Each structure stands twice: as C-alpha cells, then as structure tokens.
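Before any comments, here is the structure.
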Amino acid sequence: MKPKNLTMEEAASIPLVGLTAWQALVERGKLMRDQKVFIQAGSGGVGSFAIQLAKHLGATVATTTSTSNIDMVRGLGADVIVDYKTEDFEAKLSDYDLVLHSQDGKALEKSLRVLRPGGRLVSISGPPDPDFAEAIRAPWFVKLFTRLLSFGARRNANRLDTTFSFLFMKGSGDQLRQIATLIEAGAVRPVVDKVFPFESTNEALAYVETGRAKGKVVIKVK
Ligand SMILES: NC(=O)c1ccc[n+]([C@@H]2O[C@H](COP(=O)([O-])OP(=O)(O)OC[C@H]3O[C@@H](n4cnc5c(N)ncnc54)[C@H](OP(=O)(O)O)[C@@H]3O)[C@@H](O)[C@H]2O)c1
C-alpha cells in the first residue's frame, strides 16, 4: 500500500530506488550500525534514498556529488562529502566496509581500494557477473560473457581481499512494505526533482539522460 503520508507522485518515485538501495545495503551489503558505507552519486535517484536508509541503519555515510548539490546531500544525512569536480574520493576515503557503486569502471577500480580487507562492493551499474547470469537462468553463452565482462573487477577485488558483486533489483512486496513503514515513520523521505505530464514523457527521459537529476523524475499519467 502507498505510504499514507505521500502523494501519488512521491509514492511513484520510491519502488525502483527504494528496492535497489534496500537490496544493495541491507540484503547484499549486510550494512550494520557503526559501519562505514560509500554511496556514489548521493544526489541521484538511488543515492538520495540510499543515504537516508544507511543513516537509518546507523552507518557513517560518505558520498560523491558536484559542488551545487553539496547542501542537498548534507541535508539527506551524508557525513563525508566528496565534491567529485574538485576532489578525488580515493584520496579522502579509506577502510570502508561497503561501497554502493553506480558509476563507471574507473570509479569501480578506485572504489575497491577504499574498502577495508573483507569489505564489499555492490555495483548497480555493472559489469554483470556470473552469479547474476545464474540467478536469471541465462543460457551458457551469456554466463560465459558475464564471466569475461566481470573478470577484471573480480580479480581486482580478490587481490585486495574484498568482494565484488553485481546487483540487479528484483521486485519484492515484502521489502516495499518495510520501506513504506520507514517512510511513514519519517526515517526516509522521497526526493522528487520534477514531475512531468504524460504528454511530456520524451522531455522527462531527456532530462534523466542529462545525468543531472536531483532525486527522482516522475511521469504523471493523469
Ligand atoms: N542494477 C539495478 O537494479 C539498478 C537500479 C537502479 C539504477 N541503476 C543504475 O544506477 C545508476 C544510477 O541510477 P540513478 O537513477 O540513481 O541515477 P540518476 O538519478 O540519473 O543520477 C543522476 C545524479 O548522478 C550524479 N552524478 C553524475 N555524475 C556523477 C559522478 N561522476 N560522481 C558522482 N555523482 C555523479 C548527478 O549529480 P551532479 O549533478 O551533482 O553531478 C545527479 O544527481 C544508473 O546507471 C542506473 O542505470 C541500476
């Protein structure tokens, strides 16, 4: 059920990013109180939800954003803020328990080095790995392809005594119910950047593609 304290537009902004953040931090990342998590792109859809969830779990949160969004991520609860336009996160962060990776391969390589030994990196932007291929019961050649695609990431993670895994969000009514409870309790709030009417769907998609959205972009059907 829709959280009682949200509008329809706000509620529509939650499932994709809420479930992705939940599965990355809680299910896969097993994030615990007092641990340190690095959430990339804190001003984005996933990042803005994940920062709030991680704070609710009692973790210390580091994030990357550009200069103009620093106040926004601070308001969401980020403890350590790296302005990716002027700073290198690898120089500022170390001994992290968990990384939620949502950027490119270069950021992935560097992120593995900010983890402590035994730390985990969960990627939502790739490369897909063999466990993912297995989970979706992909044919053998797709499994082989994911093995090749993720070889470098898995090898680098191994060398640093850390783990790399790719996450592709799955629907879960049970997790959505838990997320709704958090929203009704005020622990997490939706971050909606813009609401477009249905007729402007192309503009909405073009806006998302700029990569500058702050939180979520919603299309209002009626
Ligand atoms: N695997 C899955 O199940 C799953 C689920 C959801 C999303 N995803 C993927 O996860 C990624 C993130 O999704 P999203 O919806 O959160 O993205 P998004 O909302 O479109 O991201 C936009 C945000 O990214 C920030 N950003 C851009 N370049 C950055 C950089 N180099 N470092 C830090 N922040 C940067 C921007 O902030 P500035 O304007 O300050 O630069 C902007 O606020 C996408 O690749 C998406 O496809 C995967």
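If you're wondering about the labels, chains in the structure tokens are A, B, ... by order shown, residues count from 1 in each chain, ligands from 1 in order shown.
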I need the residues in chain A that are helix (DSSP H, G or I) according to DSSP; give them as an mmCIF file with N, CA and C atoms, in the first residue's frame.
```
data_model
loop_
_atom_site.group_PDB
_atom_site.id
_atom_site.type_symbol
_atom_site.label_atom_id
_atom_site.label_comp_id
_atom_site.auth_asym_id
_atom_site.auth_seq_id
_atom_site.Cartn_x
_atom_site.Cartn_y
_atom_site.Cartn_z
ATOM 1 N N MET A 8 0.631 10.634 -4.553
ATOM 2 C CA MET A 8 0.819 9.574 -5.549
ATOM 3 C C MET A 8 2.151 9.748 -6.282
ATOM 4 N N GLU A 9 2.485 11.007 -6.615
ATOM 5 C CA GLU A 9 3.733 11.261 -7.346
ATOM 6 C C GLU A 9 4.935 10.875 -6.491
ATOM 7 N N GLU A 10 4.884 11.235 -5.210
ATOM 8 C CA GLU A 10 6.002 10.877 -4.324
ATOM 9 C C GLU A 10 6.099 9.357 -4.189
ATOM 10 N N ALA A 11 4.945 8.706 -4.047
ATOM 11 C CA ALA A 11 4.949 7.256 -3.882
ATOM 12 C C ALA A 11 5.513 6.567 -5.125
ATOM 13 N N ALA A 12 5.176 7.123 -6.297
ATOM 14 C CA ALA A 12 5.666 6.524 -7.544
ATOM 15 C C ALA A 12 7.185 6.617 -7.657
ATOM 16 N N PRO A 15 9.561 2.884 -5.532
ATOM 17 C CA PRO A 15 9.893 1.457 -5.664
ATOM 18 C C PRO A 15 11.257 1.139 -6.293
ATOM 19 N N LEU A 16 11.580 1.722 -7.434
ATOM 20 C CA LEU A 16 12.845 1.371 -8.092
ATOM 21 C C LEU A 16 14.038 1.692 -7.194
ATOM 22 N N VAL A 17 14.089 2.933 -6.705
ATOM 23 C CA VAL A 17 15.274 3.323 -5.930
ATOM 24 C C VAL A 17 15.245 2.736 -4.516
ATOM 25 N N GLY A 18 14.047 2.618 -3.945
ATOM 26 C CA GLY A 18 13.935 2.063 -2.594
ATOM 27 C C GLY A 18 14.384 0.608 -2.567
ATOM 28 N N LEU A 19 13.874 -0.171 -3.508
ATOM 29 C CA LEU A 19 14.248 -1.592 -3.543
ATOM 30 C C LEU A 19 15.725 -1.769 -3.896
ATOM 31 N N THR A 20 16.226 -0.944 -4.812
ATOM 32 C CA THR A 20 17.642 -1.068 -5.188
ATOM 33 C C THR A 20 18.531 -0.775 -3.978
ATOM 34 N N ALA A 21 18.214 0.320 -3.284
ATOM 35 C CA ALA A 21 19.021 0.682 -2.110
ATOM 36 C C ALA A 21 18.901 -0.388 -1.025
ATOM 37 N N TRP A 22 17.690 -0.873 -0.803
ATOM 38 C CA TRP A 22 17.462 -1.894 0.240
ATOM 39 C C TRP A 22 18.259 -3.163 -0.078
ATOM 40 N N GLN A 23 18.162 -3.596 -1.328
ATOM 41 C CA GLN A 23 18.843 -4.847 -1.695
ATOM 42 C C GLN A 23 20.362 -4.690 -1.679
ATOM 43 N N ALA A 24 20.847 -3.477 -2.031
ATOM 44 C CA ALA A 24 22.297 -3.252 -2.024
ATOM 45 C C ALA A 24 22.838 -3.133 -0.597
ATOM 46 N N LEU A 25 22.137 -2.381 0.248
ATOM 47 C CA LEU A 25 22.673 -2.104 1.588
ATOM 48 C C LEU A 25 22.307 -3.170 2.609
ATOM 49 N N VAL A 26 21.034 -3.592 2.575
ATOM 50 C CA VAL A 26 20.553 -4.498 3.632
ATOM 51 C C VAL A 26 20.802 -5.952 3.228
ATOM 52 N N GLU A 27 20.241 -6.340 2.073
ATOM 53 C CA GLU A 27 20.274 -7.756 1.681
ATOM 54 C C GLU A 27 21.691 -8.200 1.286
ATOM 55 N N ARG A 28 22.272 -7.500 0.330
ATOM 56 C CA ARG A 28 23.587 -7.908 -0.179
ATOM 57 C C ARG A 28 24.723 -7.356 0.679
ATOM 58 N N GLY A 45 18.879 9.448 -7.986
ATOM 59 C CA GLY A 45 17.693 8.739 -7.507
ATOM 60 C C GLY A 45 18.054 7.697 -6.463
ATOM 61 N N VAL A 46 18.937 6.779 -6.816
ATOM 62 C CA VAL A 46 19.310 5.710 -5.878
ATOM 63 C C VAL A 46 20.075 6.300 -4.695
ATOM 64 N N GLY A 47 21.024 7.179 -5.006
ATOM 65 C CA GLY A 47 21.873 7.730 -3.947
ATOM 66 C C GLY A 47 21.081 8.469 -2.882
ATOM 67 N N SER A 48 20.085 9.271 -3.300
ATOM 68 C CA SER A 48 19.350 10.077 -2.323
ATOM 69 C C SER A 48 18.530 9.201 -1.377
ATOM 70 N N PHE A 49 18.063 8.055 -1.870
ATOM 71 C CA PHE A 49 17.346 7.128 -0.991
ATOM 72 C C PHE A 49 18.351 6.359 -0.126
ATOM 73 N N ALA A 50 19.441 5.902 -0.768
ATOM 74 C CA ALA A 50 20.409 5.049 -0.060
ATOM 75 C C ALA A 50 21.072 5.779 1.108
ATOM 76 N N ILE A 51 21.357 7.075 0.943
ATOM 77 C CA ILE A 51 21.977 7.822 2.053
ATOM 78 C C ILE A 51 21.047 7.772 3.272
ATOM 79 N N GLN A 52 19.772 8.039 3.037
ATOM 80 C CA GLN A 52 18.821 8.082 4.163
ATOM 81 C C GLN A 52 18.663 6.709 4.811
ATOM 82 N N LEU A 53 18.622 5.665 3.979
ATOM 83 C CA LEU A 53 18.482 4.303 4.522
ATOM 84 C C LEU A 53 19.721 3.937 5.352
ATOM 85 N N ALA A 54 20.901 4.267 4.831
ATOM 86 C CA ALA A 54 22.140 3.932 5.543
ATOM 87 C C ALA A 54 22.211 4.667 6.880
ATOM 88 N N LYS A 55 21.771 5.926 6.901
ATOM 89 C CA LYS A 55 21.766 6.670 8.165
ATOM 90 C C LYS A 55 20.785 6.034 9.143
ATOM 91 N N HIS A 56 19.626 5.627 8.617
ATOM 92 C CA HIS A 56 18.646 4.958 9.479
ATOM 93 C C HIS A 56 19.236 3.680 10.091
ATOM 94 N N THR A 67 29.582 20.319 -6.751
ATOM 95 C CA THR A 67 29.540 21.449 -5.813
ATOM 96 C C THR A 67 28.113 21.920 -5.525
ATOM 97 N N SER A 68 27.286 22.000 -6.574
ATOM 98 C CA SER A 68 25.957 22.589 -6.385
ATOM 99 C C SER A 68 25.015 21.704 -5.562
ATOM 100 N N ASN A 69 25.354 20.430 -5.400
ATOM 101 C CA ASN A 69 24.456 19.539 -4.645
ATOM 102 C C ASN A 69 24.975 19.180 -3.249
ATOM 103 N N ILE A 70 26.019 19.861 -2.818
ATOM 104 C CA ILE A 70 26.613 19.528 -1.509
ATOM 105 C C ILE A 70 25.603 19.721 -0.374
ATOM 106 N N ASP A 71 24.879 20.839 -0.390
ATOM 107 C CA ASP A 71 23.904 21.085 0.692
ATOM 108 C C ASP A 71 22.791 20.047 0.672
ATOM 109 N N MET A 72 22.405 19.655 -0.525
ATOM 110 C CA MET A 72 21.330 18.659 -0.638
ATOM 111 C C MET A 72 21.743 17.332 0.030
ATOM 112 N N VAL A 73 22.954 16.814 -0.293
ATOM 113 C CA VAL A 73 23.346 15.515 0.284
ATOM 114 C C VAL A 73 23.618 15.637 1.786
ATOM 115 N N ARG A 74 24.063 16.819 2.194
ATOM 116 C CA ARG A 74 24.242 17.022 3.643
ATOM 117 C C ARG A 74 22.881 16.947 4.324
ATOM 118 N N GLY A 75 21.877 17.535 3.709
ATOM 119 C CA GLY A 75 20.522 17.519 4.264
ATOM 120 C C GLY A 75 19.940 16.111 4.331
ATOM 121 N N LEU A 76 20.404 15.240 3.460
ATOM 122 C CA LEU A 76 19.918 13.852 3.487
ATOM 123 C C LEU A 76 20.631 13.033 4.562
ATOM 124 N N PHE A 89 37.912 10.927 -4.602
ATOM 125 C CA PHE A 89 37.381 10.214 -3.416
ATOM 126 C C PHE A 89 38.383 9.221 -2.844
ATOM 127 N N GLU A 90 39.252 8.701 -3.712
ATOM 128 C CA GLU A 90 40.218 7.706 -3.230
ATOM 129 C C GLU A 90 41.216 8.319 -2.241
ATOM 130 N N ALA A 91 41.480 9.626 -2.428
ATOM 131 C CA ALA A 91 42.434 10.283 -1.529
ATOM 132 C C ALA A 91 41.786 10.600 -0.185
ATOM 133 N N LYS A 92 40.469 10.633 -0.143
ATOM 134 C CA LYS A 92 39.760 11.081 1.062
ATOM 135 C C LYS A 92 39.162 9.922 1.883
ATOM 136 N N GLY A 105 33.687 2.175 -14.846
ATOM 137 C CA GLY A 105 34.703 1.191 -14.494
ATOM 138 C C GLY A 105 35.878 1.784 -13.740
ATOM 139 N N LYS A 106 36.235 3.017 -14.073
ATOM 140 C CA LYS A 106 37.351 3.679 -13.388
ATOM 141 C C LYS A 106 36.998 3.873 -11.906
ATOM 142 N N ALA A 107 35.749 4.345 -11.672
ATOM 143 C CA ALA A 107 35.304 4.552 -10.282
ATOM 144 C C ALA A 107 35.250 3.220 -9.540
ATOM 145 N N LEU A 108 34.923 2.155 -10.267
ATOM 146 C CA LEU A 108 34.857 0.831 -9.638
ATOM 147 C C LEU A 108 36.249 0.419 -9.145
ATOM 148 N N GLU A 109 37.229 0.584 -10.029
ATOM 149 C CA GLU A 109 38.604 0.199 -9.697
ATOM 150 C C GLU A 109 39.090 0.956 -8.449
ATOM 151 N N LYS A 110 38.819 2.268 -8.426
ATOM 152 C CA LYS A 110 39.253 3.088 -7.297
ATOM 153 C C LYS A 110 38.466 2.737 -6.030
ATOM 154 N N SER A 111 37.190 2.426 -6.208
ATOM 155 C CA SER A 111 36.335 2.144 -5.040
ATOM 156 C C SER A 111 36.802 0.906 -4.303
ATOM 157 N N LEU A 112 37.307 -0.078 -5.039
ATOM 158 C CA LEU A 112 37.787 -1.293 -4.363
ATOM 159 C C LEU A 112 38.915 -0.946 -3.396
ATOM 160 N N PRO A 130 28.842 -13.594 -13.155
ATOM 161 C CA PRO A 130 28.245 -14.923 -13.375
ATOM 162 C C PRO A 130 27.118 -15.270 -12.396
ATOM 163 N N ASP A 131 27.199 -14.779 -11.161
ATOM 164 C CA ASP A 131 26.112 -15.077 -10.199
ATOM 165 C C ASP A 131 24.796 -14.462 -10.673
ATOM 166 N N PHE A 132 24.894 -13.288 -11.272
ATOM 167 C CA PHE A 132 23.695 -12.649 -11.824
ATOM 168 C C PHE A 132 23.160 -13.484 -12.984
ATOM 169 N N ALA A 133 24.054 -13.923 -13.866
ATOM 170 C CA ALA A 133 23.625 -14.751 -15.004
ATOM 171 C C ALA A 133 22.943 -16.025 -14.503
ATOM 172 N N GLU A 134 23.500 -16.589 -13.449
ATOM 173 C CA GLU A 134 22.928 -17.805 -12.850
ATOM 174 C C GLU A 134 21.526 -17.501 -12.307
ATOM 175 N N ALA A 135 21.418 -16.378 -11.588
ATOM 176 C CA ALA A 135 20.142 -16.030 -10.951
ATOM 177 C C ALA A 135 19.028 -15.818 -11.968
ATOM 178 N N TRP A 140 24.184 -20.584 -21.459
ATOM 179 C CA TRP A 140 25.618 -20.744 -21.158
ATOM 180 C C TRP A 140 26.483 -19.648 -21.754
ATOM 181 N N PHE A 141 26.119 -19.184 -22.972
ATOM 182 C CA PHE A 141 26.996 -18.182 -23.597
ATOM 183 C C PHE A 141 26.880 -16.823 -22.905
ATOM 184 N N VAL A 142 25.700 -16.542 -22.307
ATOM 185 C CA VAL A 142 25.560 -15.291 -21.537
ATOM 186 C C VAL A 142 26.374 -15.417 -20.240
ATOM 187 N N LYS A 143 26.322 -16.635 -19.651
ATOM 188 C CA LYS A 143 27.123 -16.861 -18.429
ATOM 189 C C LYS A 143 28.596 -16.641 -18.731
ATOM 190 N N LEU A 144 29.027 -17.170 -19.868
ATOM 191 C CA LEU A 144 30.434 -17.016 -20.263
ATOM 192 C C LEU A 144 30.764 -15.541 -20.474
ATOM 193 N N PHE A 145 29.849 -14.841 -21.116
ATOM 194 C CA PHE A 145 30.052 -13.420 -21.404
ATOM 195 C C PHE A 145 30.190 -12.621 -20.099
ATOM 196 N N THR A 146 29.327 -12.922 -19.126
ATOM 197 C CA THR A 146 29.401 -12.179 -17.852
ATOM 198 C C THR A 146 30.710 -12.517 -17.120
ATOM 199 N N ARG A 147 31.164 -13.773 -17.284
ATOM 200 C CA ARG A 147 32.444 -14.165 -16.666
ATOM 201 C C ARG A 147 33.575 -13.300 -17.223
ATOM 202 N N LEU A 148 33.548 -13.126 -18.543
ATOM 203 C CA LEU A 148 34.594 -12.324 -19.198
ATOM 204 C C LEU A 148 34.462 -10.845 -18.822
ATOM 205 N N LEU A 149 33.209 -10.348 -18.878
ATOM 206 C CA LEU A 149 32.977 -8.919 -18.595
ATOM 207 C C LEU A 149 33.427 -8.526 -17.193
ATOM 208 N N PHE A 151 35.567 -10.194 -15.258
ATOM 209 C CA PHE A 151 36.826 -10.823 -14.851
ATOM 210 C C PHE A 151 37.737 -9.831 -14.109
ATOM 211 N N GLY A 152 37.952 -8.655 -14.721
ATOM 212 C CA GLY A 152 38.857 -7.659 -14.133
ATOM 213 C C GLY A 152 38.397 -7.212 -12.753
ATOM 214 N N ALA A 153 37.109 -6.929 -12.619
ATOM 215 C CA ALA A 153 36.574 -6.448 -11.338
ATOM 216 C C ALA A 153 36.720 -7.523 -10.265
ATOM 217 N N ARG A 154 36.421 -8.779 -10.646
ATOM 218 C CA ARG A 154 36.503 -9.862 -9.659
ATOM 219 C C ARG A 154 37.960 -10.121 -9.263
ATOM 220 N N ARG A 155 38.862 -10.056 -10.237
ATOM 221 C CA ARG A 155 40.288 -10.283 -9.962
ATOM 222 C C ARG A 155 40.839 -9.166 -9.064
ATOM 223 N N ASN A 156 40.512 -7.913 -9.399
ATOM 224 C CA ASN A 156 40.997 -6.792 -8.575
ATOM 225 C C ASN A 156 40.463 -6.887 -7.153
ATOM 226 N N ALA A 157 39.192 -7.246 -7.033
ATOM 227 C CA ALA A 157 38.589 -7.373 -5.700
ATOM 228 C C ALA A 157 39.306 -8.462 -4.902
ATOM 229 N N ASN A 158 39.559 -9.596 -5.556
ATOM 230 C CA ASN A 158 40.252 -10.723 -4.924
ATOM 231 C C ASN A 158 41.625 -10.337 -4.403
ATOM 232 N N ARG A 159 42.350 -9.601 -5.237
ATOM 233 C CA ARG A 159 43.711 -9.195 -4.873
ATOM 234 C C ARG A 159 43.723 -8.330 -3.629
ATOM 235 N N GLY A 173 7.363 -7.362 -2.692
ATOM 236 C CA GLY A 173 6.295 -6.721 -1.929
ATOM 237 C C GLY A 173 6.660 -6.603 -0.459
ATOM 238 N N ASP A 174 7.350 -7.640 0.044
ATOM 239 C CA ASP A 174 7.711 -7.646 1.451
ATOM 240 C C ASP A 174 8.667 -6.485 1.763
ATOM 241 N N GLN A 175 9.670 -6.312 0.899
ATOM 242 C CA GLN A 175 10.611 -5.206 1.137
ATOM 243 C C GLN A 175 9.932 -3.846 0.965
ATOM 244 N N LEU A 176 9.016 -3.746 0.004
ATOM 245 C CA LEU A 176 8.298 -2.472 -0.170
ATOM 246 C C LEU A 176 7.479 -2.140 1.079
ATOM 247 N N ARG A 177 6.924 -3.174 1.712
ATOM 248 C CA ARG A 177 6.160 -2.937 2.950
ATOM 249 C C ARG A 177 7.079 -2.385 4.041
ATOM 250 N N GLN A 178 8.281 -2.938 4.125
ATOM 251 C CA GLN A 178 9.225 -2.448 5.148
ATOM 252 C C GLN A 178 9.660 -1.013 4.828
ATOM 253 N N ILE A 179 9.833 -0.739 3.545
ATOM 254 C CA ILE A 179 10.215 0.616 3.128
ATOM 255 C C ILE A 179 9.083 1.598 3.443
ATOM 256 N N ALA A 180 7.839 1.175 3.182
ATOM 257 C CA ALA A 180 6.685 2.045 3.463
ATOM 258 C C ALA A 180 6.622 2.379 4.956
ATOM 259 N N THR A 181 6.937 1.383 5.800
ATOM 260 C CA THR A 181 6.934 1.619 7.248
ATOM 261 C C THR A 181 7.960 2.686 7.613
ATOM 262 N N LEU A 182 9.143 2.595 6.991
ATOM 263 C CA LEU A 182 10.193 3.595 7.276
ATOM 264 C C LEU A 182 9.750 4.990 6.842
ATOM 265 N N ILE A 183 9.063 5.052 5.695
ATOM 266 C CA ILE A 183 8.619 6.354 5.182
ATOM 267 C C ILE A 183 7.539 6.930 6.090
ATOM 268 N N GLU A 184 6.619 6.078 6.528
ATOM 269 C CA GLU A 184 5.558 6.572 7.412
ATOM 270 C C GLU A 184 6.117 7.013 8.766
ATOM 271 N N PHE A 198 2.156 13.228 -18.669
ATOM 272 C CA PHE A 198 2.358 12.071 -19.558
ATOM 273 C C PHE A 198 2.776 12.499 -20.963
ATOM 274 N N GLU A 199 2.158 13.592 -21.447
ATOM 275 C CA GLU A 199 2.451 14.076 -22.800
ATOM 276 C C GLU A 199 3.918 14.485 -22.952
ATOM 277 N N SER A 200 4.585 14.749 -21.847
ATOM 278 C CA SER A 200 5.984 15.213 -21.915
ATOM 279 C C SER A 200 6.976 14.103 -21.553
ATOM 280 N N THR A 201 6.566 12.851 -21.767
ATOM 281 C CA THR A 201 7.437 11.725 -21.414
ATOM 282 C C THR A 201 8.803 11.834 -22.088
ATOM 283 N N ASN A 202 8.827 12.262 -23.348
ATOM 284 C CA ASN A 202 10.129 12.387 -24.032
ATOM 285 C C ASN A 202 11.035 13.384 -23.314
ATOM 286 N N GLU A 203 10.449 14.502 -22.898
ATOM 287 C CA GLU A 203 11.241 15.512 -22.187
ATOM 288 C C GLU A 203 11.743 14.935 -20.851
ATOM 289 N N ALA A 204 10.874 14.152 -20.189
ATOM 290 C CA ALA A 204 11.268 13.549 -18.904
ATOM 291 C C ALA A 204 12.482 12.642 -19.105
ATOM 292 N N LEU A 205 12.419 11.818 -20.151
ATOM 293 C CA LEU A 205 13.533 10.890 -20.408
ATOM 294 C C LEU A 205 14.800 11.652 -20.791
ATOM 295 N N ALA A 206 14.607 12.723 -21.569
ATOM 296 C CA ALA A 206 15.779 13.528 -21.966
ATOM 297 C C ALA A 206 16.415 14.168 -20.729
ATOM 298 N N TYR A 207 15.561 14.588 -19.793
ATOM 299 C CA TYR A 207 16.086 15.201 -18.567
ATOM 300 C C TYR A 207 16.889 14.174 -17.756
ATOM 301 N N VAL A 208 16.341 12.967 -17.632
ATOM 302 C CA VAL A 208 17.069 11.917 -16.901
ATOM 303 C C VAL A 208 18.406 11.634 -17.583
ATOM 304 N N GLU A 209 18.376 11.635 -18.912
ATOM 305 C CA GLU A 209 19.604 11.318 -19.668
ATOM 306 C C GLU A 209 20.695 12.381 -19.520
#
```
How close does chain A get to ligand 1? List, as JSON lines, each residue of chain A within 6 Å, its nearest atom pair and the distance in Å to one decimal, counting only C-alpha atoms and all ligand atoms.
```
{"residue": "A:Val17", "atom": "CA", "partner": "ligand 1", "partner_atom_place_in_ligand_line": "6 (C)", "distance": 5.9}
{"residue": "A:Thr20", "atom": "CA", "partner": "ligand 1", "partner_atom_place_in_ligand_line": "5 (C)", "distance": 5.4}
{"residue": "A:Gln40", "atom": "CA", "partner": "ligand 1", "partner_atom_place_in_ligand_line": "33 (C)", "distance": 5.5}
{"residue": "A:Ala41", "atom": "CA", "partner": "ligand 1", "partner_atom_place_in_ligand_line": "34 (N)", "distance": 3.3}
{"residue": "A:Ser43", "atom": "CA", "partner": "ligand 1", "partner_atom_place_in_ligand_line": "43 (O)", "distance": 4.0}
{"residue": "A:Gly44", "atom": "CA", "partner": "ligand 1", "partner_atom_place_in_ligand_line": "19 (O)", "distance": 3.4}
{"residue": "A:Gly45", "atom": "CA", "partner": "ligand 1", "partner_atom_place_in_ligand_line": "16 (O)", "distance": 3.7}
{"residue": "A:Val46", "atom": "CA", "partner": "ligand 1", "partner_atom_place_in_ligand_line": "16 (O)", "distance": 3.7}
{"residue": "A:Gly47", "atom": "CA", "partner": "ligand 1", "partner_atom_place_in_ligand_line": "16 (O)", "distance": 5.5}
{"residue": "A:Thr64", "atom": "CA", "partner": "ligand 1", "partner_atom_place_in_ligand_line": "33 (C)", "distance": 4.7}
{"residue": "A:Thr65", "atom": "CA", "partner": "ligand 1", "partner_atom_place_in_ligand_line": "40 (O)", "distance": 4.4}
{"residue": "A:Ser66", "atom": "CA", "partner": "ligand 1", "partner_atom_place_in_ligand_line": "40 (O)", "distance": 3.7}
{"residue": "A:Asn69", "atom": "CA", "partner": "ligand 1", "partner_atom_place_in_ligand_line": "40 (O)", "distance": 5.3}
{"residue": "A:Tyr84", "atom": "CA", "partner": "ligand 1", "partner_atom_place_in_ligand_line": "32 (N)", "distance": 5.8}
{"residue": "A:Ser102", "atom": "CA", "partner": "ligand 1", "partner_atom_place_in_ligand_line": "11 (C)", "distance": 4.6}
{"residue": "A:Ile124", "atom": "CA", "partner": "ligand 1", "partner_atom_place_in_ligand_line": "1 (N)", "distance": 3.7}
{"residue": "A:Ser125", "atom": "CA", "partner": "ligand 1", "partner_atom_place_in_ligand_line": "45 (O)", "distance": 4.7}
{"residue": "A:Leu167", "atom": "CA", "partner": "ligand 1", "partner_atom_place_in_ligand_line": "1 (N)", "distance": 5.2}
{"residue": "A:Phe168", "atom": "CA", "partner": "ligand 1", "partner_atom_place_in_ligand_line": "3 (O)", "distance": 3.6}
{"residue": "A:Met169", "atom": "CA", "partner": "ligand 1", "partner_atom_place_in_ligand_line": "3 (O)", "distance": 3.7}
{"residue": "A:Val208", "atom": "CA", "partner": "ligand 1", "partner_atom_place_in_ligand_line": "20 (O)", "distance": 5.4}
{"residue": "A:Gly211", "atom": "CA", "partner": "ligand 1", "partner_atom_place_in_ligand_line": "22 (C)", "distance": 4.4}
{"residue": "A:Arg212", "atom": "CA", "partner": "ligand 1", "partner_atom_place_in_ligand_line": "39 (O)", "distance": 3.9}
{"residue": "A:Ala213", "atom": "CA", "partner": "ligand 1", "partner_atom_place_in_ligand_line": "43 (O)", "distance": 4.7}
{"residue": "A:Lys214", "atom": "CA", "partner": "ligand 1", "partner_atom_place_in_ligand_line": "43 (O)", "distance": 4.4}
{"residue": "A:Gly215", "atom": "CA", "partner": "ligand 1", "partner_atom_place_in_ligand_line": "19 (O)", "distance": 5.6}
```
Writing out the chosen residues with C-alpha atoms as a compact mmCIF listing (two decimals), in the first residue's frame:
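Written out: result_37.txt:
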```txt
# COMPACT_ATOMS: atom_id res chain seq x y z
CA VAL A 17 15.27 3.32 -5.93
CA THR A 20 17.64 -1.07 -5.19
CA GLN A 40 28.29 7.16 -5.06
CA ALA A 41 26.22 9.95 -6.61
CA SER A 43 22.17 13.43 -5.29
CA GLY A 44 20.82 10.87 -7.78
CA GLY A 45 17.69 8.74 -7.51
CA VAL A 46 19.31 5.71 -5.88
CA GLY A 47 21.87 7.73 -3.95
CA THR A 64 30.20 11.98 -4.06
CA THR A 65 28.39 14.87 -5.65
CA SER A 66 29.12 18.08 -7.54
CA ASN A 69 24.46 19.54 -4.64
CA TYR A 84 33.91 14.96 -7.46
CA SER A 102 26.77 3.27 -9.59
CA ILE A 124 24.36 -1.49 -9.78
CA SER A 125 25.97 -0.18 -12.96
CA LEU A 167 23.06 -6.36 -8.25
CA PHE A 168 20.01 -6.15 -10.47
CA MET A 169 16.99 -5.09 -8.45
CA VAL A 208 17.07 11.92 -16.90
CA GLY A 211 22.60 12.77 -15.72
CA ARG A 212 21.85 15.87 -13.62
CA ALA A 213 18.57 14.83 -11.96
CA LYS A 214 18.38 15.52 -8.23
CA GLY A 215 16.48 12.55 -6.81
```
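Ranking A:Ser150, A:Thr60, A:Thr210, A:Ser165 by their shortest atom-to-atom distance to Leu100 in chain A, with only C-alpha atoms included, puts A:Ser165 first.
Straight-line separation from CA of Asn5 in chain A to CA of Arg189 in chain A: 9.7 Å.
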Review point. Expressed in Å to a single decimal, how great is the separation between CA of Ser94 in chain A and CA of Val122 in chain A?
Key: 16.6 Å
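Between Pro127 in chain A and the candidates A:Asp88, A:Asp104, A:Asp97, A:Asp34, the tightest atom-to-atom separation, counting only C-alpha atoms, involves A:Asp104.
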